[in-house]
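**Q** Data: start19.csv, CSV, N, CA and C atoms.
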```csv
chain,number,residue,atom,x,y,z
A,1,MET,N,5.6,2.7,9.1
A,1,MET,CA,6.1,3.5,8.0
A,1,MET,C,5.8,2.8,6.7
A,2,TYR,N,5.3,3.6,5.8
A,2,TYR,CA,4.9,3.0,4.5
A,2,TYR,C,6.2,2.9,3.6
A,3,HIS,N,6.3,1.8,3.0
A,3,HIS,CA,7.5,1.5,2.1
A,3,HIS,C,7.1,1.2,0.7
A,4,GLY,N,5.9,1.5,0.3
A,4,GLY,CA,5.4,1.3,-1.1
A,4,GLY,C,4.3,0.3,-1.2
A,5,VAL,N,3.9,-0.1,-2.3
A,5,VAL,CA,2.8,-1.0,-2.6
A,5,VAL,C,3.1,-2.4,-1.9
A,6,MET,N,2.0,-2.9,-1.3
A,6,MET,CA,2.1,-4.2,-0.6
A,6,MET,C,1.0,-5.1,-1.1
A,7,ILE,N,1.3,-6.4,-1.4
A,7,ILE,CA,0.3,-7.4,-1.8
A,7,ILE,C,-0.2,-8.0,-0.5
A,8,THR,N,-1.4,-7.8,-0.1
A,8,THR,CA,-1.9,-8.2,1.2
A,8,THR,C,-2.6,-9.6,1.1
A,9,SER,N,-3.0,-10.0,-0.1
A,9,SER,CA,-3.6,-11.4,-0.2
A,9,SER,C,-3.7,-11.7,-1.7
A,10,TYR,N,-4.0,-13.0,-1.9
A,10,TYR,CA,-4.2,-13.5,-3.3
A,10,TYR,C,-5.2,-14.6,-3.2
A,11,SER,N,-5.8,-14.9,-4.4
A,11,SER,CA,-6.7,-16.1,-4.5
A,11,SER,C,-6.6,-16.5,-5.9
A,12,SER,N,-7.4,-17.5,-6.3
A,12,SER,CA,-7.4,-18.0,-7.7
A,12,SER,C,-8.0,-16.9,-8.6
A,13,HIS,N,-8.7,-15.9,-8.0
A,13,HIS,CA,-9.3,-14.9,-8.9
A,13,HIS,C,-8.4,-13.7,-9.1
A,14,GLY,N,-7.4,-13.5,-8.2
A,14,GLY,CA,-6.6,-12.3,-8.3
A,14,GLY,C,-5.9,-11.9,-7.0
A,15,PHE,N,-5.7,-10.6,-6.8
A,15,PHE,CA,-4.9,-10.1,-5.8
A,15,PHE,C,-5.5,-9.0,-5.0
A,16,ASN,N,-5.2,-8.8,-3.8
A,16,ASN,CA,-5.6,-7.6,-3.0
A,16,ASN,C,-4.3,-6.9,-2.8
A,17,ILE,N,-4.2,-5.7,-3.4
A,17,ILE,CA,-3.0,-4.9,-3.3
A,17,ILE,C,-3.3,-3.5,-2.8
A,18,ASP,N,-2.8,-3.3,-1.6
A,18,ASP,CA,-3.1,-2.0,-0.9
A,18,ASP,C,-4.6,-1.7,-0.8
A,19,GLY,N,-5.4,-2.7,-0.6
A,19,GLY,CA,-6.8,-2.5,-0.5
A,19,GLY,C,-7.6,-2.5,-1.8
A,20,ASN,N,-6.9,-2.6,-2.9
A,20,ASN,CA,-7.5,-2.7,-4.2
A,20,ASN,C,-7.5,-4.1,-4.7
A,21,ARG,N,-8.7,-4.6,-5.1
A,21,ARG,CA,-8.9,-5.9,-5.6
A,21,ARG,C,-8.5,-5.9,-7.1
A,22,VAL,N,-7.6,-6.7,-7.5
A,22,VAL,CA,-7.2,-6.8,-8.9
A,22,VAL,C,-7.5,-8.2,-9.4
A,23,PHE,N,-8.4,-8.4,-10.4
A,23,PHE,CA,-8.8,-9.7,-10.9
A,23,PHE,C,-7.9,-10.1,-12.0
A,24,GLY,N,-7.5,-11.4,-11.9
A,24,GLY,CA,-6.6,-12.0,-13.0
A,24,GLY,C,-5.1,-11.6,-12.8
A,25,PRO,N,-4.3,-12.0,-13.8
A,25,PRO,CA,-2.9,-11.7,-13.8
A,25,PRO,C,-2.7,-10.2,-13.7
A,26,CYS,N,-1.7,-9.7,-13.0
A,26,CYS,CA,-1.4,-8.3,-12.9
A,26,CYS,C,0.1,-8.0,-13.0
A,27,ALA,N,0.3,-6.8,-13.4
A,27,ALA,CA,1.7,-6.2,-13.3
A,27,ALA,C,1.7,-5.1,-12.2
A,28,VAL,N,2.5,-5.3,-11.2
A,28,VAL,CA,2.6,-4.4,-10.1
A,28,VAL,C,3.9,-3.6,-10.4
A,29,LEU,N,3.7,-2.3,-10.7
A,29,LEU,CA,4.8,-1.4,-11.0
A,29,LEU,C,4.9,-0.3,-10.0
A,30,PRO,N,6.1,0.3,-9.9
A,30,PRO,CA,6.2,1.4,-8.9
A,30,PRO,C,5.2,2.5,-9.0
A,31,PRO,N,4.7,2.9,-10.2
A,31,PRO,CA,3.7,3.9,-10.3
A,31,PRO,C,2.3,3.4,-10.4
A,32,ALA,N,2.1,2.1,-10.6
A,32,ALA,CA,0.7,1.6,-11.0
A,32,ALA,C,0.5,0.1,-10.8
A,33,ILE,N,-0.7,-0.3,-10.8
A,33,ILE,CA,-1.1,-1.7,-10.8
A,33,ILE,C,-1.9,-1.9,-12.1
A,34,LEU,N,-1.5,-2.8,-13.0
A,34,LEU,CA,-2.2,-3.0,-14.3
A,34,LEU,C,-2.6,-4.4,-14.5
A,35,GLN,N,-3.6,-4.6,-15.3
A,35,GLN,CA,-4.0,-6.0,-15.7
A,35,GLN,C,-2.8,-6.4,-16.6
A,36,TRP,N,-2.4,-7.6,-16.6
A,36,TRP,CA,-1.3,-8.2,-17.4
A,36,TRP,C,-1.9,-9.2,-18.3
A,37,ASN,N,-1.8,-9.1,-19.6
A,37,ASN,CA,-2.4,-9.9,-20.6
A,37,ASN,C,-1.6,-11.2,-20.8
A,38,VAL,N,-1.6,-12.1,-19.7
A,38,VAL,CA,-1.0,-13.4,-19.8
A,38,VAL,C,-2.0,-14.4,-19.2
A,39,ALA,N,-2.1,-15.5,-19.8
A,39,ALA,CA,-3.0,-16.5,-19.2
A,39,ALA,C,-2.3,-17.6,-18.4
A,40,SER,N,-1.0,-17.8,-18.8
A,40,SER,CA,-0.2,-18.8,-18.1
A,40,SER,C,1.3,-18.4,-18.3
A,41,TYR,N,2.2,-19.1,-17.6
A,41,TYR,CA,3.6,-18.8,-17.7
A,41,TYR,C,4.1,-18.9,-19.2
A,42,LYS,N,3.4,-19.7,-20.0
A,42,LYS,CA,3.8,-19.8,-21.4
A,42,LYS,C,3.6,-18.5,-22.2
A,43,ASP,N,2.8,-17.6,-21.7
A,43,ASP,CA,2.5,-16.3,-22.3
A,43,ASP,C,3.5,-15.2,-21.9
A,44,ILE,N,4.4,-15.6,-21.0
A,44,ILE,CA,5.4,-14.6,-20.6
A,44,ILE,C,6.5,-14.6,-21.7
A,45,THR,N,6.4,-13.5,-22.5
A,45,THR,CA,7.3,-13.4,-23.7
A,45,THR,C,8.0,-12.1,-23.6
A,46,GLU,N,8.9,-11.9,-24.6
A,46,GLU,CA,9.7,-10.6,-24.6
A,46,GLU,C,8.7,-9.5,-24.8
A,47,GLU,N,7.6,-9.7,-25.5
A,47,GLU,CA,6.6,-8.6,-25.7
A,47,GLU,C,5.8,-8.4,-24.4
A,48,SER,N,5.4,-9.4,-23.7
A,48,SER,CA,4.6,-9.2,-22.5
A,48,SER,C,5.4,-8.6,-21.3
A,49,VAL,N,6.8,-8.7,-21.3
A,49,VAL,CA,7.6,-8.1,-20.3
A,49,VAL,C,8.1,-6.7,-20.7
A,50,SER,N,7.7,-6.2,-21.9
A,50,SER,CA,8.3,-5.0,-22.4
A,50,SER,C,7.9,-3.8,-21.5
A,51,LEU,N,6.7,-3.8,-20.9
A,51,LEU,CA,6.3,-2.7,-20.0
A,51,LEU,C,7.3,-2.6,-18.8
A,52,PHE,N,7.9,-3.7,-18.4
A,52,PHE,CA,8.8,-3.6,-17.2
A,52,PHE,C,10.1,-2.9,-17.5
A,53,HIS,N,10.6,-3.0,-18.7
A,53,HIS,CA,11.9,-2.3,-19.0
A,53,HIS,C,11.7,-0.9,-19.6
A,54,MET,N,10.5,-0.5,-19.8
A,54,MET,CA,10.3,0.9,-20.4
A,54,MET,C,10.1,1.9,-19.3
A,55,LEU,N,10.0,1.6,-18.0
A,55,LEU,CA,9.6,2.5,-17.0
A,55,LEU,C,10.8,3.3,-16.4
A,56,GLU,N,10.5,4.5,-15.9
A,56,GLU,CA,11.4,5.3,-15.1
A,56,GLU,C,10.7,5.6,-13.8
A,57,PRO,N,11.4,5.4,-12.7
A,57,PRO,CA,12.8,5.0,-12.5
A,57,PRO,C,12.9,3.5,-13.0
A,58,ARG,N,14.1,3.2,-13.4
A,58,ARG,CA,14.4,1.8,-13.9
A,58,ARG,C,14.2,0.8,-12.7
A,59,ILE,N,13.5,-0.3,-13.1
A,59,ILE,CA,13.3,-1.4,-12.1
A,59,ILE,C,14.6,-2.1,-11.9
A,60,GLU,N,14.9,-2.4,-10.6
A,60,GLU,CA,16.1,-3.1,-10.2
A,60,GLU,C,15.8,-4.6,-10.3
A,61,ILE,N,14.6,-5.0,-9.8
A,61,ILE,CA,14.3,-6.4,-9.7
A,61,ILE,C,12.9,-6.7,-10.2
A,62,LEU,N,12.7,-7.6,-11.1
A,62,LEU,CA,11.3,-8.1,-11.5
A,62,LEU,C,11.1,-9.4,-10.9
A,63,VAL,N,10.0,-9.5,-10.1
A,63,VAL,CA,9.6,-10.8,-9.5
A,63,VAL,C,8.4,-11.4,-10.4
A,64,LEU,N,8.6,-12.6,-10.9
A,64,LEU,CA,7.6,-13.2,-11.7
A,64,LEU,C,7.0,-14.4,-11.0
A,65,GLY,N,5.7,-14.3,-10.8
A,65,GLY,CA,4.9,-15.4,-10.1
A,65,GLY,C,4.2,-16.2,-11.2
A,66,THR,N,4.6,-17.5,-11.3
A,66,THR,CA,4.1,-18.3,-12.4
A,66,THR,C,2.9,-19.2,-12.1
A,67,GLY,N,2.2,-18.9,-11.0
A,67,GLY,CA,1.0,-19.6,-10.7
A,67,GLY,C,1.3,-20.5,-9.5
A,68,ALA,N,0.7,-21.7,-9.4
A,68,ALA,CA,0.8,-22.6,-8.3
A,68,ALA,C,2.2,-23.2,-8.2
A,69,ARG,N,2.9,-23.3,-9.3
A,69,ARG,CA,4.2,-24.0,-9.3
A,69,ARG,C,5.3,-23.1,-9.9
A,70,LEU,N,6.5,-23.3,-9.6
A,70,LEU,CA,7.6,-22.6,-10.3
A,70,LEU,C,7.7,-23.2,-11.7
A,71,GLU,N,7.6,-22.4,-12.7
A,71,GLU,CA,7.7,-22.9,-14.1
A,71,GLU,C,8.9,-22.2,-14.8
A,72,ARG,N,9.3,-22.9,-15.8
A,72,ARG,CA,10.5,-22.4,-16.5
A,72,ARG,C,10.0,-21.3,-17.5
A,73,ILE,N,10.7,-20.2,-17.4
A,73,ILE,CA,10.4,-19.0,-18.4
A,73,ILE,C,11.3,-19.2,-19.6
A,74,ASN,N,10.8,-18.8,-20.7
A,74,ASN,CA,11.6,-18.8,-22.0
A,74,ASN,C,12.9,-18.1,-21.7
A,75,PRO,N,14.1,-18.7,-22.0
A,75,PRO,CA,15.4,-18.1,-21.7
A,75,PRO,C,15.6,-16.8,-22.4
A,76,SER,N,15.0,-16.6,-23.6
A,76,SER,CA,15.1,-15.3,-24.3
A,76,SER,C,14.5,-14.1,-23.5
A,77,VAL,N,13.5,-14.4,-22.7
A,77,VAL,CA,12.9,-13.4,-21.9
A,77,VAL,C,13.9,-12.9,-20.8
A,78,LEU,N,14.5,-13.9,-20.2
A,78,LEU,CA,15.5,-13.7,-19.1
A,78,LEU,C,16.7,-12.9,-19.7
A,79,THR,N,17.1,-13.3,-20.8
A,79,THR,CA,18.3,-12.7,-21.5
A,79,THR,C,18.0,-11.2,-21.8
A,80,LEU,N,16.8,-10.9,-22.3
A,80,LEU,CA,16.4,-9.6,-22.6
A,80,LEU,C,16.4,-8.7,-21.4
A,81,LEU,N,15.8,-9.2,-20.3
A,81,LEU,CA,15.7,-8.4,-19.1
A,81,LEU,C,17.1,-8.2,-18.5
A,82,LYS,N,18.0,-9.2,-18.6
A,82,LYS,CA,19.3,-9.0,-18.1
A,82,LYS,C,20.1,-8.0,-18.9
A,83,LYS,N,19.9,-8.0,-20.2
A,83,LYS,CA,20.5,-6.9,-21.1
A,83,LYS,C,20.0,-5.5,-20.7
A,84,LYS,N,18.8,-5.4,-20.2
A,84,LYS,CA,18.2,-4.2,-19.8
A,84,LYS,C,18.6,-3.8,-18.4
A,85,GLY,N,19.4,-4.6,-17.7
A,85,GLY,CA,19.9,-4.3,-16.4
A,85,GLY,C,18.9,-4.6,-15.3
A,86,ILE,N,17.9,-5.5,-15.6
A,86,ILE,CA,16.9,-5.9,-14.6
A,86,ILE,C,17.2,-7.3,-14.1
A,87,ALA,N,17.3,-7.5,-12.8
A,87,ALA,CA,17.5,-8.8,-12.2
A,87,ALA,C,16.1,-9.4,-12.2
A,88,VAL,N,16.0,-10.8,-12.3
A,88,VAL,CA,14.7,-11.4,-12.4
A,88,VAL,C,14.7,-12.6,-11.4
A,89,GLU,N,13.6,-12.6,-10.6
A,89,GLU,CA,13.3,-13.7,-9.7
A,89,GLU,C,12.1,-14.4,-10.2
A,90,VAL,N,12.2,-15.7,-10.6
A,90,VAL,CA,11.0,-16.5,-11.0
A,90,VAL,C,10.6,-17.4,-9.9
A,91,GLN,N,9.4,-17.4,-9.5
A,91,GLN,CA,8.9,-18.2,-8.3
A,91,GLN,C,7.5,-18.6,-8.5
A,92,ASP,N,7.0,-19.5,-7.7
A,92,ASP,CA,5.6,-19.8,-7.7
A,92,ASP,C,4.9,-18.5,-7.1
A,93,THR,N,3.7,-18.2,-7.4
A,93,THR,CA,3.0,-17.0,-7.1
A,93,THR,C,3.0,-16.7,-5.6
A,94,PRO,N,2.7,-17.7,-4.7
A,94,PRO,CA,2.7,-17.4,-3.3
A,94,PRO,C,4.1,-16.9,-2.8
A,95,ASN,N,5.2,-17.5,-3.2
A,95,ASN,CA,6.5,-17.0,-2.8
A,95,ASN,C,6.8,-15.7,-3.5
A,96,ALA,N,6.4,-15.5,-4.8
A,96,ALA,CA,6.6,-14.3,-5.5
A,96,ALA,C,6.0,-13.1,-4.8
A,97,CYS,N,4.8,-13.3,-4.2
A,97,CYS,CA,4.1,-12.2,-3.5
A,97,CYS,C,4.9,-11.8,-2.3
A,98,ALA,N,5.4,-12.8,-1.5
A,98,ALA,CA,6.2,-12.6,-0.3
A,98,ALA,C,7.5,-11.9,-0.7
A,99,THR,N,8.2,-12.3,-1.7
A,99,THR,CA,9.4,-11.8,-2.2
A,99,THR,C,9.2,-10.3,-2.6
A,100,PHE,N,8.2,-10.0,-3.4
A,100,PHE,CA,7.9,-8.7,-3.8
A,100,PHE,C,7.7,-7.8,-2.5
A,101,ASN,N,6.9,-8.2,-1.6
A,101,ASN,CA,6.7,-7.4,-0.4
A,101,ASN,C,8.0,-7.2,0.4
A,102,PHE,N,8.8,-8.2,0.5
A,102,PHE,CA,10.1,-8.0,1.2
A,102,PHE,C,11.0,-7.0,0.5
A,103,LEU,N,11.2,-7.2,-0.8
A,103,LEU,CA,12.0,-6.3,-1.6
A,103,LEU,C,11.5,-4.8,-1.5
A,104,THR,N,10.2,-4.7,-1.6
A,104,THR,CA,9.6,-3.3,-1.5
A,104,THR,C,9.8,-2.7,-0.1
A,105,SER,N,9.7,-3.6,1.0
A,105,SER,CA,10.0,-3.0,2.3
A,105,SER,C,11.4,-2.7,2.5
A,106,GLU,N,12.3,-3.2,1.7
A,106,GLU,CA,13.7,-2.9,1.7
A,106,GLU,C,14.1,-1.7,0.8
A,107,ARG,N,13.0,-1.1,0.3
A,107,ARG,CA,13.1,0.1,-0.6
A,107,ARG,C,13.8,-0.2,-1.9
A,108,ARG,N,13.7,-1.4,-2.4
A,108,ARG,CA,14.3,-1.7,-3.7
A,108,ARG,C,13.3,-1.3,-4.7
A,109,VAL,N,13.7,-0.9,-5.9
A,109,VAL,CA,12.8,-0.5,-7.0
A,109,VAL,C,12.4,-1.8,-7.6
A,110,THR,N,11.2,-2.3,-7.2
A,110,THR,CA,10.8,-3.7,-7.6
A,110,THR,C,9.5,-3.6,-8.3
A,111,ALA,N,9.3,-4.6,-9.3
A,111,ALA,CA,8.0,-4.8,-10.0
A,111,ALA,C,7.7,-6.2,-9.9
A,112,ALA,N,6.5,-6.6,-10.2
A,112,ALA,CA,6.1,-8.0,-10.2
A,112,ALA,C,5.1,-8.2,-11.3
A,113,GLY,N,5.2,-9.4,-11.9
A,113,GLY,CA,4.3,-9.9,-12.9
A,113,GLY,C,3.7,-11.2,-12.3
A,114,LEU,N,2.4,-11.2,-11.9
A,114,LEU,CA,1.8,-12.2,-11.1
A,114,LEU,C,0.6,-12.9,-11.8
A,115,ILE,N,0.7,-14.2,-11.8
A,115,ILE,CA,-0.4,-15.0,-12.3
A,115,ILE,C,-1.1,-15.7,-11.1
A,116,PRO,N,-2.4,-15.5,-10.9
A,116,PRO,CA,-3.0,-16.2,-9.7
A,116,PRO,C,-2.9,-17.7,-9.8
A,117,PRO,N,-2.7,-18.3,-8.6
A,117,PRO,CA,-2.7,-19.8,-8.6
A,117,PRO,C,-4.1,-20.3,-8.8
A,118,PRO,N,-4.3,-21.6,-9.3
A,118,PRO,CA,-5.7,-22.1,-9.4
A,118,PRO,C,-6.3,-22.4,-8.0
A,119,ILE,N,-7.6,-22.6,-8.0
A,119,ILE,CA,-8.3,-22.8,-6.8
A,119,ILE,C,-7.7,-23.9,-5.9
A,120,SER,N,-7.3,-25.0,-6.4
A,120,SER,CA,-6.8,-26.1,-5.7
A,120,SER,C,-5.6,-25.8,-4.8
A,121,THR,N,-4.8,-24.7,-5.2
A,121,THR,CA,-3.6,-24.4,-4.4
A,121,THR,C,-3.8,-23.2,-3.5
A,122,ALA,N,-4.9,-22.5,-3.6
A,122,ALA,CA,-5.1,-21.3,-2.8
A,122,ALA,C,-5.6,-21.7,-1.4
A,123,SER,N,-5.0,-21.2,-0.4
A,123,SER,CA,-5.4,-21.5,1.0
A,123,SER,C,-6.2,-20.3,1.5
A,124,SER,N,-6.6,-20.3,2.8
A,124,SER,CA,-7.5,-19.3,3.3
A,124,SER,C,-6.8,-18.4,4.4
A,125,HIS,N,-5.5,-18.3,4.3
A,125,HIS,CA,-4.8,-17.5,5.3
A,125,HIS,C,-4.7,-16.0,4.8
A,126,GLN,N,-4.9,-15.1,5.8
A,126,GLN,CA,-4.7,-13.7,5.5
A,126,GLN,C,-3.2,-13.3,5.7
A,127,SER,N,-2.8,-12.3,5.1
A,127,SER,CA,-1.4,-11.8,5.3
A,127,SER,C,-1.2,-11.2,6.6
A,128,SER,N,0.0,-11.5,7.2
A,128,SER,CA,0.4,-10.8,8.4
A,128,SER,C,1.9,-10.4,8.1
A,129,GLY,N,2.2,-9.1,8.4
A,129,GLY,CA,3.6,-8.7,8.1
A,129,GLY,C,3.9,-8.6,6.7
A,130,GLN,N,5.0,-9.1,6.3
A,130,GLN,CA,5.5,-9.0,4.9
A,130,GLN,C,5.1,-10.1,4.0
A,131,ARG,N,4.5,-11.2,4.5
A,131,ARG,CA,4.2,-12.3,3.7
A,131,ARG,C,2.7,-12.2,3.2
A,132,ALA,N,2.5,-12.3,1.9
A,132,ALA,CA,1.2,-12.3,1.3
A,132,ALA,C,0.7,-13.7,1.4
A,133,ALA,N,-0.6,-13.9,1.7
A,133,ALA,CA,-1.2,-15.2,1.8
A,133,ALA,C,-2.5,-15.2,1.0
A,134,ALA,N,-2.9,-16.4,0.8
A,134,ALA,CA,-4.1,-16.6,0.0
A,134,ALA,C,-5.3,-16.1,0.8
A,135,SER,N,-6.3,-15.6,0.0
A,135,SER,CA,-7.6,-15.2,0.7
A,135,SER,C,-8.7,-15.9,0.1
```
I need this file expressed as structure tokens, please.

**A**
Amino acid sequence: MYHGVMITSYSSHGFNIDGNRVFGPCAVLPPAILQWNVASYKDITEESVSLFHMLEPRIEILVLGTGARLERINPSVLTLLKKKGIAVEVQDTPNACATFNFLTSERRVTAAGLIPPPISTASSHQSSGQRAAAS
């Protein structure tokens, strides 16, 4: 049974989402997959997350993948999203992909902002089930 968009793999170049190859950082939204204009976690600002709180239906949870490692997001960004009623999960990108897939399979209204990890951290495992793996 189909439960929504699934991230099937990732690499240092981008993501494979439902058979579509997306290069670079991306925003995975309930209605679309978009290029996301951020180069690193430092570029995740109130402005760069604005697309996530302007959508209908309203997103319940935003999963942010910060690359190879969990990085600290500017607290003002988290405060803004909380005020908009959006829960935020900040994780390294491999875990963020898996979390997004799990939440989507649970039929939660979920979005993701994902930054590909660098080459040195991407492995060569394909996805099986709900966990997205590097390709």

**Q** Considering all atoms listed in the file, state which residue in the set A:Met54, A:Val109, A:Ala68, A:Leu29 is at the smallest distance from Thr93 in chain A.

**A** A:Ala68

**Q** Report as an mmCIF file with N, CA and C atoms, in the coordinates of the input all protein, DNA and RNA residues lying within 8 Å of range 16-28 of chain A, evaluated on only N, CA and C atoms, omitting residues in the same chain fewer than 2 positions from it.

**A**
```cif
data_model
loop_
_atom_site.group_PDB
_atom_site.id
_atom_site.type_symbol
_atom_site.label_atom_id
_atom_site.label_comp_id
_atom_site.auth_asym_id
_atom_site.auth_seq_id
_atom_site.Cartn_x
_atom_site.Cartn_y
_atom_site.Cartn_z
ATOM 1 N N GLY A 4 5.900 1.500 0.300
ATOM 2 C CA GLY A 4 5.400 1.300 -1.100
ATOM 3 C C GLY A 4 4.300 0.300 -1.200
ATOM 4 N N VAL A 5 3.900 -0.100 -2.300
ATOM 5 C CA VAL A 5 2.800 -1.000 -2.600
ATOM 6 C C VAL A 5 3.100 -2.400 -1.900
ATOM 7 N N MET A 6 2.000 -2.900 -1.300
ATOM 8 C CA MET A 6 2.100 -4.200 -0.600
ATOM 9 C C MET A 6 1.000 -5.100 -1.100
ATOM 10 N N ILE A 7 1.300 -6.400 -1.400
ATOM 11 C CA ILE A 7 0.300 -7.400 -1.800
ATOM 12 C C ILE A 7 -0.200 -8.000 -0.500
ATOM 13 N N THR A 8 -1.400 -7.800 -0.100
ATOM 14 C CA THR A 8 -1.900 -8.200 1.200
ATOM 15 C C THR A 8 -2.600 -9.600 1.100
ATOM 16 N N SER A 9 -3.000 -10.000 -0.100
ATOM 17 C CA SER A 9 -3.600 -11.400 -0.200
ATOM 18 C C SER A 9 -3.700 -11.700 -1.700
ATOM 19 N N TYR A 10 -4.000 -13.000 -1.900
ATOM 20 C CA TYR A 10 -4.200 -13.500 -3.300
ATOM 21 C C TYR A 10 -5.200 -14.600 -3.200
ATOM 22 N N SER A 11 -5.800 -14.900 -4.400
ATOM 23 C CA SER A 11 -6.700 -16.100 -4.500
ATOM 24 C C SER A 11 -6.600 -16.500 -5.900
ATOM 25 N N SER A 12 -7.400 -17.500 -6.300
ATOM 26 C CA SER A 12 -7.400 -18.000 -7.700
ATOM 27 C C SER A 12 -8.000 -16.900 -8.600
ATOM 28 N N HIS A 13 -8.700 -15.900 -8.000
ATOM 29 C CA HIS A 13 -9.300 -14.900 -8.900
ATOM 30 C C HIS A 13 -8.400 -13.700 -9.100
ATOM 31 N N GLY A 14 -7.400 -13.500 -8.200
ATOM 32 C CA GLY A 14 -6.600 -12.300 -8.300
ATOM 33 C C GLY A 14 -5.900 -11.900 -7.000
ATOM 34 N N PRO A 30 6.100 0.300 -9.900
ATOM 35 C CA PRO A 30 6.200 1.400 -8.900
ATOM 36 C C PRO A 30 5.200 2.500 -9.000
ATOM 37 N N PRO A 31 4.700 2.900 -10.200
ATOM 38 C CA PRO A 31 3.700 3.900 -10.300
ATOM 39 C C PRO A 31 2.300 3.400 -10.400
ATOM 40 N N ALA A 32 2.100 2.100 -10.600
ATOM 41 C CA ALA A 32 0.700 1.600 -11.000
ATOM 42 C C ALA A 32 0.500 0.100 -10.800
ATOM 43 N N ILE A 33 -0.700 -0.300 -10.800
ATOM 44 C CA ILE A 33 -1.100 -1.700 -10.800
ATOM 45 C C ILE A 33 -1.900 -1.900 -12.100
ATOM 46 N N LEU A 34 -1.500 -2.800 -13.000
ATOM 47 C CA LEU A 34 -2.200 -3.000 -14.300
ATOM 48 C C LEU A 34 -2.600 -4.400 -14.500
ATOM 49 N N GLN A 35 -3.600 -4.600 -15.300
ATOM 50 C CA GLN A 35 -4.000 -6.000 -15.700
ATOM 51 C C GLN A 35 -2.800 -6.400 -16.600
ATOM 52 N N TRP A 36 -2.400 -7.600 -16.600
ATOM 53 C CA TRP A 36 -1.300 -8.200 -17.400
ATOM 54 C C TRP A 36 -1.900 -9.200 -18.300
ATOM 55 N N ASN A 37 -1.800 -9.100 -19.600
ATOM 56 C CA ASN A 37 -2.400 -9.900 -20.600
ATOM 57 C C ASN A 37 -1.600 -11.200 -20.800
ATOM 58 N N VAL A 38 -1.600 -12.100 -19.700
ATOM 59 C CA VAL A 38 -1.000 -13.400 -19.800
ATOM 60 C C VAL A 38 -2.000 -14.400 -19.200
ATOM 61 N N ALA A 39 -2.100 -15.500 -19.800
ATOM 62 C CA ALA A 39 -3.000 -16.500 -19.200
ATOM 63 C C ALA A 39 -2.300 -17.600 -18.400
ATOM 64 N N THR A 110 11.200 -2.300 -7.200
ATOM 65 C CA THR A 110 10.800 -3.700 -7.600
ATOM 66 C C THR A 110 9.500 -3.600 -8.300
ATOM 67 N N ALA A 111 9.300 -4.600 -9.300
ATOM 68 C CA ALA A 111 8.000 -4.800 -10.000
ATOM 69 C C ALA A 111 7.700 -6.200 -9.900
ATOM 70 N N ALA A 112 6.500 -6.600 -10.200
ATOM 71 C CA ALA A 112 6.100 -8.000 -10.200
ATOM 72 C C ALA A 112 5.100 -8.200 -11.300
ATOM 73 N N GLY A 113 5.200 -9.400 -11.900
ATOM 74 C CA GLY A 113 4.300 -9.900 -12.900
ATOM 75 C C GLY A 113 3.700 -11.200 -12.300
ATOM 76 N N LEU A 114 2.400 -11.200 -11.900
ATOM 77 C CA LEU A 114 1.800 -12.200 -11.100
ATOM 78 C C LEU A 114 0.600 -12.900 -11.800
ATOM 79 N N ILE A 115 0.700 -14.200 -11.800
ATOM 80 C CA ILE A 115 -0.400 -15.000 -12.300
ATOM 81 C C ILE A 115 -1.100 -15.700 -11.100
ATOM 82 N N PRO A 116 -2.400 -15.500 -10.900
ATOM 83 C CA PRO A 116 -3.000 -16.200 -9.700
ATOM 84 C C PRO A 116 -2.900 -17.700 -9.800
ATOM 85 N N SER A 135 -6.300 -15.600 0.000
ATOM 86 C CA SER A 135 -7.600 -15.200 0.700
ATOM 87 C C SER A 135 -8.700 -15.900 0.100
#
```

**Q** With only C-alpha atoms as the atoms that count, which of A:Leu64, A:Glu46, A:Pro118, A:Thr104 lies nearest to Lys83 in chain A?

**A**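 The answer is A:Glu46, which sits nearest to Lys83 in chain A.
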
**Q** How many Å lie between atom C of Leu78 in chain A and CA of Phe102 in chain A, rounded to one decimal?

**A**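 Interatomic distance here is 22.5 Å.
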
**Q** Between atom C of Phe52 in chain A and atom N of Lys84 in chain A, what is the spacing in Å?

**A**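 One can read the atom N of Lys84 in chain A to atom C of Phe52 in chain A distance as 9.4 Å.
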